[in-house]
file start_31.txt (compact mmCIF, C-alpha atoms)
# COMPACT_ATOMS: atom_id res chain seq x y z
CA MET A 1094 150.34 20.74 -74.28
CA ASP A 1095 153.09 22.99 -72.97
CA PRO A 1096 155.25 23.82 -76.06
CA GLU A 1097 158.38 23.94 -73.90
CA LEU A 1098 157.71 20.43 -72.60
CA MET A 1099 156.97 19.14 -76.11
CA SER A 1100 160.25 20.65 -77.27
CA LYS A 1101 162.11 18.88 -74.44
CA LEU A 1102 160.42 15.58 -75.25
CA SER A 1103 161.21 15.86 -78.96
CA GLU A 1104 164.90 16.35 -78.13
CA ILE A 1105 165.08 12.96 -76.38
CA LYS A 1106 166.89 10.56 -78.70
CA THR A 1107 167.58 7.78 -76.20
CA TYR A 1108 166.06 6.96 -72.83
CA SER A 1109 167.47 4.62 -70.22
CA ARG A 1110 165.06 1.98 -68.99
CA LEU A 1111 164.00 2.67 -65.43
CA LYS A 1112 165.19 0.60 -62.53
CA VAL A 1113 162.73 -0.80 -60.02
CA GLY A 1114 162.50 0.17 -56.35
CA GLN A 1115 159.97 -0.77 -53.67
CA VAL A 1116 157.48 0.94 -51.39
CA ASP A 1117 156.04 -1.26 -48.65
CA GLY A 1118 157.12 -4.34 -50.60
CA ILE A 1119 155.41 -3.24 -53.85
CA PRO A 1120 157.73 -2.95 -56.89
CA LEU A 1121 157.50 0.53 -58.41
CA PRO A 1122 159.60 2.51 -60.91
CA GLU A 1123 162.60 3.95 -59.02
CA PRO A 1124 161.72 7.63 -59.69
CA THR A 1125 158.30 7.05 -58.09
CA CYS A 1126 160.06 5.71 -54.97
CA GLU A 1127 162.35 8.79 -54.94
CA ILE A 1128 159.40 11.17 -54.55
CA TRP A 1129 157.26 8.87 -52.42
CA ASP A 1130 156.76 11.40 -49.58
CA LYS A 1131 155.42 13.94 -52.06
CA ILE A 1132 153.04 11.37 -53.55
CA TYR A 1133 151.85 10.03 -50.18
CA ASN A 1134 151.11 13.56 -48.94
CA PHE A 1135 149.25 14.55 -52.11
CA GLN A 1136 146.08 16.47 -51.30
CA ALA A 1137 142.92 15.25 -52.97
CA ARG A 1138 139.92 17.53 -53.54
CA GLU A 1139 136.31 16.53 -52.89
CA ASP A 1140 135.32 16.83 -56.55
CA ASP A 1141 138.24 14.77 -57.89
CA VAL A 1142 137.46 11.67 -59.92
CA VAL A 1143 140.12 8.94 -59.95
CA ILE A 1144 140.59 6.15 -62.47
CA ALA A 1145 142.44 3.27 -60.81
CA THR A 1146 143.67 0.15 -62.60
CA PHE A 1147 146.35 -2.46 -62.66
CA PRO A 1148 148.52 -1.54 -65.69
CA LYS A 1149 147.08 -2.42 -69.10
CA ALA A 1150 143.54 -3.01 -67.87
CA GLY A 1151 141.87 -0.41 -70.09
CA THR A 1152 143.13 2.72 -68.32
CA THR A 1153 143.36 4.98 -71.38
CA TRP A 1154 139.98 3.77 -72.60
CA MET A 1155 138.32 4.65 -69.28
CA GLN A 1156 140.12 8.01 -69.13
CA GLU A 1157 138.60 9.01 -72.45
CA ILE A 1158 135.13 7.71 -71.53
CA VAL A 1159 135.09 9.61 -68.23
CA ASP A 1160 136.54 12.79 -69.73
CA LEU A 1161 133.81 12.79 -72.37
CA ILE A 1162 131.11 12.19 -69.75
CA LEU A 1163 132.44 15.11 -67.68
CA GLN A 1164 132.54 17.24 -70.86
CA GLU A 1165 128.94 16.10 -71.56
CA GLY A 1166 129.90 14.57 -74.89
CA ASP A 1167 131.74 17.61 -76.26
CA VAL A 1168 134.30 15.90 -78.51
CA GLU A 1169 136.02 19.20 -79.33
CA LYS A 1170 136.76 19.78 -75.63
CA SER A 1171 138.01 16.21 -75.31
CA MET A 1172 140.60 16.98 -78.03
CA ARG A 1173 142.12 19.84 -75.98
CA ALA A 1174 145.29 17.93 -75.08
CA PRO A 1175 146.80 14.43 -75.18
CA ASN A 1176 145.26 11.99 -72.74
CA PHE A 1177 148.39 11.86 -70.56
CA VAL A 1178 148.17 15.67 -70.10
CA LYS A 1179 144.40 15.87 -69.49
CA VAL A 1180 144.58 13.18 -66.80
CA PRO A 1181 147.64 13.47 -64.52
CA PHE A 1182 149.18 10.13 -63.55
CA ILE A 1183 149.88 10.69 -59.85
CA ASP A 1184 152.22 7.68 -59.50
CA PHE A 1185 154.65 8.63 -62.20
CA TYR A 1186 157.78 10.72 -62.56
CA MET A 1187 159.83 10.69 -65.74
CA LYS A 1188 162.36 13.43 -66.39
CA PRO A 1189 162.20 15.91 -68.13
CA MET A 1190 158.45 15.80 -67.44
CA PRO A 1191 157.31 17.06 -64.02
CA PRO A 1192 155.94 14.57 -61.48
CA GLY A 1193 152.29 13.69 -62.03
CA VAL A 1194 151.40 15.09 -58.60
CA ASP A 1195 152.81 18.50 -59.65
CA ASP A 1196 150.66 18.44 -62.79
CA ALA A 1197 147.64 17.54 -60.67
CA ASN A 1198 148.35 20.30 -58.14
CA ALA A 1199 148.52 22.87 -60.96
CA MET A 1200 145.18 21.76 -62.41
CA LYS A 1201 141.89 23.55 -61.77
CA SER A 1202 139.00 21.61 -60.29
CA PRO A 1203 137.25 19.38 -61.10
CA ARG A 1204 140.20 17.08 -61.80
CA LEU A 1205 140.32 13.66 -63.44
CA LEU A 1206 143.31 11.68 -62.11
CA LYS A 1207 144.89 8.32 -62.85
CA THR A 1208 146.68 5.78 -60.66
CA HIS A 1209 147.94 2.21 -60.81
CA PHE A 1210 148.49 2.02 -57.04
CA PRO A 1211 147.19 -0.98 -55.14
CA ILE A 1212 144.67 0.12 -52.51
CA GLN A 1213 147.20 0.20 -49.64
CA LEU A 1214 149.45 2.74 -51.38
CA MET A 1215 146.73 5.29 -52.14
CA PRO A 1216 147.45 8.69 -50.54
CA PRO A 1217 145.16 8.95 -47.47
CA SER A 1218 143.65 12.27 -48.56
CA PHE A 1219 141.57 10.43 -51.21
CA TRP A 1220 139.69 8.62 -48.44
CA ASP A 1221 139.58 11.71 -46.19
CA LYS A 1222 137.82 13.58 -49.01
CA ASP A 1223 135.59 10.61 -49.94
CA VAL A 1224 136.64 10.88 -53.59
CA LYS A 1225 134.87 8.90 -56.33
CA VAL A 1226 137.05 6.16 -57.85
CA ILE A 1227 136.36 4.13 -60.98
CA TYR A 1228 138.35 0.90 -60.89
CA VAL A 1229 138.78 -1.11 -64.09
CA ALA A 1230 139.68 -4.80 -63.73
CA ARG A 1231 140.79 -6.95 -66.69
CA ASN A 1232 141.33 -10.70 -66.65
CA ALA A 1233 144.88 -11.58 -65.63
CA LYS A 1234 145.82 -13.54 -68.75
CA ASP A 1235 145.07 -10.70 -71.18
CA CYS A 1236 146.54 -8.19 -68.72
CA MET A 1237 149.80 -10.15 -68.67
CA VAL A 1238 150.05 -10.27 -72.46
CA SER A 1239 149.27 -6.58 -72.87
CA TYR A 1240 151.73 -5.57 -70.13
CA PHE A 1241 154.46 -7.69 -71.73
CA HIS A 1242 154.08 -5.93 -75.08
CA PHE A 1243 153.83 -2.55 -73.36
CA GLN A 1244 157.10 -3.12 -71.53
CA ARG A 1245 158.74 -4.15 -74.79
CA MET A 1246 157.90 -0.84 -76.45
CA ASN A 1247 158.00 1.51 -73.44
CA GLN A 1248 161.61 2.60 -73.07
CA CYS A 1249 160.83 4.02 -69.61
CA MET A 1250 159.83 0.66 -68.15
CA PRO A 1251 162.15 -2.20 -67.14
CA TYR A 1252 162.93 -4.55 -70.04
CA PRO A 1253 160.52 -7.53 -69.78
CA GLY A 1254 162.91 -10.23 -70.99
CA THR A 1255 161.52 -13.17 -72.96
CA TRP A 1256 157.85 -14.15 -72.83
CA ASP A 1257 158.71 -17.18 -70.66
CA GLU A 1258 160.66 -14.98 -68.22
CA TYR A 1259 157.87 -12.44 -68.10
CA PHE A 1260 155.25 -15.13 -67.52
CA SER A 1261 157.09 -16.24 -64.37
CA ALA A 1262 157.70 -12.67 -63.16
CA PHE A 1263 154.05 -11.65 -63.59
CA LEU A 1264 152.80 -14.76 -61.85
CA ALA A 1265 155.12 -14.01 -58.91
CA GLY A 1266 153.94 -10.36 -58.72
CA ASP A 1267 157.47 -9.29 -59.63
CA VAL A 1268 156.39 -6.51 -62.02
CA CYS A 1269 155.85 -2.79 -61.42
CA TRP A 1270 152.77 -2.19 -59.25
CA GLY A 1271 153.02 -5.72 -57.90
CA SER A 1272 150.67 -8.68 -57.87
CA TRP A 1273 147.63 -8.58 -60.17
CA CYS A 1274 145.71 -10.82 -57.73
CA ASP A 1275 146.38 -8.61 -54.71
CA HIS A 1276 145.53 -5.51 -56.75
CA VAL A 1277 142.12 -6.61 -58.01
CA ILE A 1278 141.15 -8.18 -54.65
CA GLY A 1279 142.25 -5.12 -52.67
CA TRP A 1280 140.15 -2.76 -54.76
CA TRP A 1281 137.22 -5.23 -54.79
CA LYS A 1282 137.12 -5.11 -50.98
CA ALA A 1283 137.52 -1.32 -51.00
CA LYS A 1284 134.21 -0.83 -52.83
CA ASP A 1285 132.39 -1.77 -49.60
CA ARG A 1286 134.14 1.03 -47.67
CA HIS A 1287 134.59 3.79 -50.23
CA ARG A 1288 132.88 5.31 -53.28
CA VAL A 1289 134.38 2.87 -55.77
CA LEU A 1290 132.67 1.78 -58.98
CA TYR A 1291 134.20 -1.55 -60.02
CA VAL A 1292 134.06 -2.05 -63.80
CA PHE A 1293 135.14 -5.19 -65.67
CA TYR A 1294 137.04 -4.66 -68.92
CA GLU A 1295 135.27 -7.64 -70.47
CA ASP A 1296 131.86 -6.11 -69.70
CA LEU A 1297 132.99 -2.89 -71.37
CA VAL A 1298 134.04 -4.80 -74.50
CA GLU A 1299 130.82 -6.80 -74.51
CA ASP A 1300 128.39 -3.89 -74.11
CA PRO A 1301 130.03 -0.44 -73.98
CA THR A 1302 126.69 1.41 -74.00
CA ARG A 1303 125.48 -0.42 -70.87
CA GLU A 1304 128.74 0.19 -69.01
CA ILE A 1305 129.03 3.85 -70.04
CA ARG A 1306 125.48 4.37 -68.72
CA LYS A 1307 126.57 2.89 -65.34
CA ILE A 1308 129.58 5.21 -65.23
CA MET A 1309 127.41 8.24 -66.08
CA LYS A 1310 125.05 7.39 -63.23
CA PHE A 1311 127.97 6.98 -60.80
CA LEU A 1312 129.25 10.42 -61.82
CA GLY A 1313 125.81 11.98 -61.37
CA LYS A 1314 125.40 12.84 -65.06
CA ASP A 1315 122.09 12.48 -66.86
CA LEU A 1316 123.03 12.60 -70.56
CA SER A 1317 120.79 11.79 -73.52
CA ASP A 1318 120.97 8.55 -75.49
CA GLU A 1319 122.29 10.59 -78.41
CA VAL A 1320 125.21 11.91 -76.32
CA LEU A 1321 125.84 8.43 -74.92
CA GLU A 1322 126.06 7.03 -78.46
CA LYS A 1323 128.50 9.80 -79.42
CA ILE A 1324 130.70 8.87 -76.43
CA ARG A 1325 130.52 5.17 -77.34
CA HIS A 1326 131.53 5.89 -80.94
CA HIS A 1327 134.37 8.24 -80.00
CA THR A 1328 135.78 5.75 -77.48
CA SER A 1329 135.64 2.69 -79.76
CA PHE A 1330 139.00 0.97 -80.21
CA GLN A 1331 139.12 1.94 -83.89
CA ALA A 1332 138.42 5.64 -83.15
CA MET A 1333 140.93 5.82 -80.28
CA LYS A 1334 143.67 4.11 -82.33
CA LYS A 1335 143.41 6.93 -84.91
CA ASN A 1336 143.04 9.72 -82.35
CA PRO A 1337 146.31 11.56 -81.51
CA VAL A 1338 144.84 12.46 -78.10
CA THR A 1339 144.57 8.78 -77.12
CA ASN A 1340 147.14 6.85 -79.21
CA PHE A 1341 150.20 8.39 -77.50
CA SER A 1342 151.68 9.42 -80.87
CA ALA A 1343 152.65 12.75 -79.22
CA LEU A 1344 155.47 10.95 -77.38
CA PRO A 1345 158.73 10.39 -79.27
CA LYS A 1346 159.99 6.97 -80.35
CA ALA A 1347 162.78 7.26 -77.75
CA ILE A 1348 160.09 6.94 -75.05
CA LEU A 1349 157.37 4.81 -76.68
CA ASP A 1350 158.66 2.85 -79.66
CA GLN A 1351 155.41 2.00 -81.42
CA SER A 1352 157.33 0.24 -84.21
CA ILE A 1353 157.91 -2.57 -81.65
CA SER A 1354 154.26 -2.70 -80.57
CA PRO A 1355 151.49 -0.10 -80.89
CA PHE A 1356 150.33 1.57 -77.67
CA LEU A 1357 146.76 0.57 -78.53
CA ARG A 1358 147.51 -2.94 -79.70
CA LYS A 1359 144.37 -5.12 -79.96
CA GLY A 1360 141.88 -4.29 -77.20
CA GLU A 1361 140.50 -7.83 -77.38
CA VAL A 1362 139.37 -10.42 -74.87
CA GLY A 1363 141.17 -13.75 -75.30
CA ASP A 1364 144.42 -12.69 -77.03
CA TRP A 1365 146.25 -14.64 -74.30
CA LYS A 1366 145.51 -17.81 -76.31
CA ASN A 1367 148.04 -16.62 -78.90
CA HIS A 1368 150.78 -16.45 -76.25
CA PHE A 1369 150.21 -19.07 -73.52
CA SER A 1370 151.57 -22.55 -74.10
CA VAL A 1371 149.46 -25.48 -72.89
CA SER A 1372 151.79 -26.02 -69.92
CA GLN A 1373 151.81 -22.30 -69.04
CA ASN A 1374 148.03 -22.30 -69.01
CA ILE A 1375 147.97 -25.24 -66.59
CA VAL A 1376 150.54 -23.58 -64.28
CA PHE A 1377 148.67 -20.28 -64.44
CA ASP A 1378 145.27 -21.81 -63.64
CA GLU A 1379 146.66 -23.68 -60.63
CA GLU A 1380 148.30 -20.55 -59.17
CA TYR A 1381 145.26 -18.44 -59.98
CA LYS A 1382 142.91 -20.80 -58.14
CA LYS A 1383 145.10 -20.73 -55.02
CA LYS A 1384 145.29 -16.94 -54.90
CA MET A 1385 141.74 -16.03 -55.96
CA GLU A 1386 139.71 -18.67 -54.10
CA GLY A 1387 137.22 -17.07 -51.74
CA SER A 1388 137.73 -13.57 -53.19
CA GLY A 1389 134.22 -13.38 -54.63
CA LEU A 1390 135.69 -12.21 -57.91
CA SER A 1391 134.99 -13.88 -61.24
CA PHE A 1392 136.68 -12.97 -64.52
CA ARG A 1393 135.93 -14.00 -68.08
CA THR A 1394 138.94 -14.89 -70.25
CA GLN A 1395 136.89 -15.11 -73.44
CA LEU A 1396 133.62 -13.71 -74.75
call {"tool": "encode", "arguments": {"input": "start_31.txt", "output": "structure tokens"}}
result
Amino acid sequence: MDPELMSKLSEIKTYSRLKVGQVDGIPLPEPTCEIWDKIYNFQAREDDVVIATFPKAGTTWMQEIVDLILQEGDVEKSMRAPNFVKVPFIDFYMKPMPPGVDDANAMKSPRLLKTHFPIQLMPPSFWDKDVKVIYVARNAKDCMVSYFHFQRMNQCMPYPGTWDEYFSAFLAGDVCWGSWCDHVIGWWKAKDRHRVLYVFYEDLVEDPTREIRKIMKFLGKDLSDEVLEKIRHHTSFQAMKKNPVTNFSALPKAILDQSISPFLRKGEVGDWKNHFSVSQNIVFDEEYKKKMEGSGLSFRTQL
């Protein structure tokens, strides 16, 4: 990582929580809205690979899996820089760090990129270049819980309020990057028009080897079972939690306060049961049924 940037980051002692703006009715961090023209006009390259997710759906996990596949299982190469440097986040802008699109523009091909944008906000050049996208979808209940804890510890995100307040905001789509339902449905439909591999977080937890093999095939890589096993081991929750490349320990406490909640918290399916009250679960299920009916999508909330 750029030593000058690391020095700037280490000097940050306090960071003001970001305000929220909107682009086409989608709530986004205000700095993202400020540079929207630059993001929208971002130029994709034909050999780009994009990881797209709703926040807290296994983004970092998939970044590390795909990076290792592209590096053909070379763990040493995968340790070259923190995850957030290896894979530019095109949506984001947080001073004193440069915008993610600037990092991406400065990167040699082939590039691995990350976005949380719903399908309608994707820069058009990605479709013009017929770029490969891996979309990871996680069940809404666990996504909500994980996002709540992430916003508690991430000093760059809006403060989430109490769990009850956050529950209502998430259900209404009043969180950064908008409605979970619209997001997963939008990308589900996109797979029929574009080169999108749709991966379910729960499938990845259940059988990582099977899912990694699917991803390898999608990326046109034919790696041995031995290499596949090495990738599976290196991207296990336990390994990633200890790995400074993936656990975000390179960022100072003023940005990510991991004493409040670790960046890699549990990685489980079904943790929502420790947070939802009986009445919240009833309310959630009713709303969920209304919004997801007819979508063709089915999620597991426990394994």
call {"tool": "residues_near_point", "arguments": {"input": "start_31.txt", "point": "(151.5, -7.8, -66.4)", "cutoff": "7 Å", "atoms": "all atoms listed in the file", "output": "ChimeraX atom specification"}}
result
/A:1148,1236-1241,1263,1268
call {"tool": "closest_residue", "arguments": {"input": "start_31.txt", "among": "A:Ala1262, A:Ala1332, A:Met1250, A:Ile1212", "to": "Leu1121 (chain A)", "atoms": "only C-alpha atoms"}}
result
A:Met1250
call {"tool": "closest_residue", "arguments": {"input": "start_31.txt", "among": "A:Gly1279, A:Phe1135, A:Tyr1259, A:Pro1192", "to": "Phe1243 (chain A)", "atoms": "all atoms listed in the file"}}
result
A:Tyr1259
call {"tool": "atom_distance", "arguments": {"input": "start_31.txt", "atom1": "CA of Asp1300 (chain A)", "atom2": "CA of Asp1223 (chain A)"}}
result
29.1 Å
call {"tool": "residues_around", "arguments": {"input": "start_31.txt", "residues": "Lys1307 (chain A)", "least_positions_apart": "4", "cutoff": "12 Å", "atoms": "only C-alpha atoms", "output": "list in words"}}
result
Ile1158, Val1159, Ile1162, Ile1227, Leu1290, Tyr1291, Val1292, Phe1293, Asp1296, Leu1297, Asp1300, Pro1301, Thr1302, Arg1303, Phe1311, Leu1312, Gly1313, Lys1314, Asp1315, Leu1316 and Leu1321 of chain A
call {"tool": "atom_distance", "arguments": {"input": "start_31.txt", "atom1": "CA of Lys1310 (chain A)", "atom2": "CA of Lys1225 (chain A)"}}
result
12.1 Å
call {"tool": "residues_around", "arguments": {"input": "start_31.txt", "residues": "region 1380-1393 of chain A", "least_positions_apart": "5", "cutoff": "9 Å", "atoms": "all atoms listed in the file", "output": "MDAnalysis selection string"}}
result
chainID A and resid 1230:1233 1264 1274:1275 1277:1278 1281:1282 1293 1295 1362:1363 1375
call {"tool": "atom_distance", "arguments": {"input": "start_31.txt", "atom1": "CA of Arg1173 (chain A)", "atom2": "CA of Met1200 (chain A)"}}
result
14.0 Å
call {"tool": "closest_residue", "arguments": {"input": "start_31.txt", "among": "A:Ala1150, A:Leu1161, A:Ile1119, A:Leu1205", "to": "His1326 (chain A)", "atoms": "all atoms listed in the file"}}
result
A:Leu1161
call {"tool": "closest_residue", "arguments": {"input": "start_31.txt", "among": "A:Lys1179, A:Gln1156, A:Asn1134, A:Tyr1228", "to": "Tyr1294 (chain A)", "atoms": "all atoms listed in the file"}}
result
A:Tyr1228
call {"tool": "closest_residue", "arguments": {"input": "start_31.txt", "among": "A:Gln1213, A:Asn1247, A:Gly1266, A:Asp1364", "to": "Asp1117 (chain A)", "atoms": "only C-alpha atoms"}}
result
A:Gln1213
call {"tool": "closest_residue", "arguments": {"input": "start_31.txt", "among": "A:His1242, A:Trp1220, A:Phe1147, A:Trp1154", "to": "Ser1329 (chain A)", "atoms": "all atoms listed in the file"}}
result
A:Trp1154
call {"tool": "residues_around", "arguments": {"input": "start_31.txt", "residues": "Lys1234 (chain A)", "least_positions_apart": "6", "cutoff": "9 Å", "atoms": "only C-alpha atoms", "output": "PyMOL selection string"}}
result
chain A and resi 1363-1366+1369+1377+1394
call {"tool": "residues_around", "arguments": {"input": "start_31.txt", "residues": "Tyr1186 (chain A)", "least_positions_apart": "6", "cutoff": "10 Å", "atoms": "all atoms listed in the file", "output": "PyMOL selection string"}}
result
chain A and resi 1122-1128+1192-1195
call {"tool": "write_last_selection", "arguments": {"input": "start_31.txt", "atoms": "C-alpha atoms", "output": "PDB file, in the coordinates of the input"}}
result
ATOM      1  CA  PRO A1122     159.600   2.510 -60.910  1.00  0.00           C
ATOM      2  CA  GLU A1123     162.600   3.950 -59.020  1.00  0.00           C
ATOM      3  CA  PRO A1124     161.720   7.630 -59.690  1.00  0.00           C
ATOM      4  CA  THR A1125     158.300   7.050 -58.090  1.00  0.00           C
ATOM      5  CA  CYS A1126     160.060   5.710 -54.970  1.00  0.00           C
ATOM      6  CA  GLU A1127     162.350   8.790 -54.940  1.00  0.00           C
ATOM      7  CA  ILE A1128     159.400  11.170 -54.550  1.00  0.00           C
ATOM      8  CA  PRO A1192     155.940  14.570 -61.480  1.00  0.00           C
ATOM      9  CA  GLY A1193     152.290  13.690 -62.030  1.00  0.00           C
ATOM     10  CA  VAL A1194     151.400  15.090 -58.600  1.00  0.00           C
ATOM     11  CA  ASP A1195     152.810  18.500 -59.650  1.00  0.00           C
TER      12      ASP A1195
END
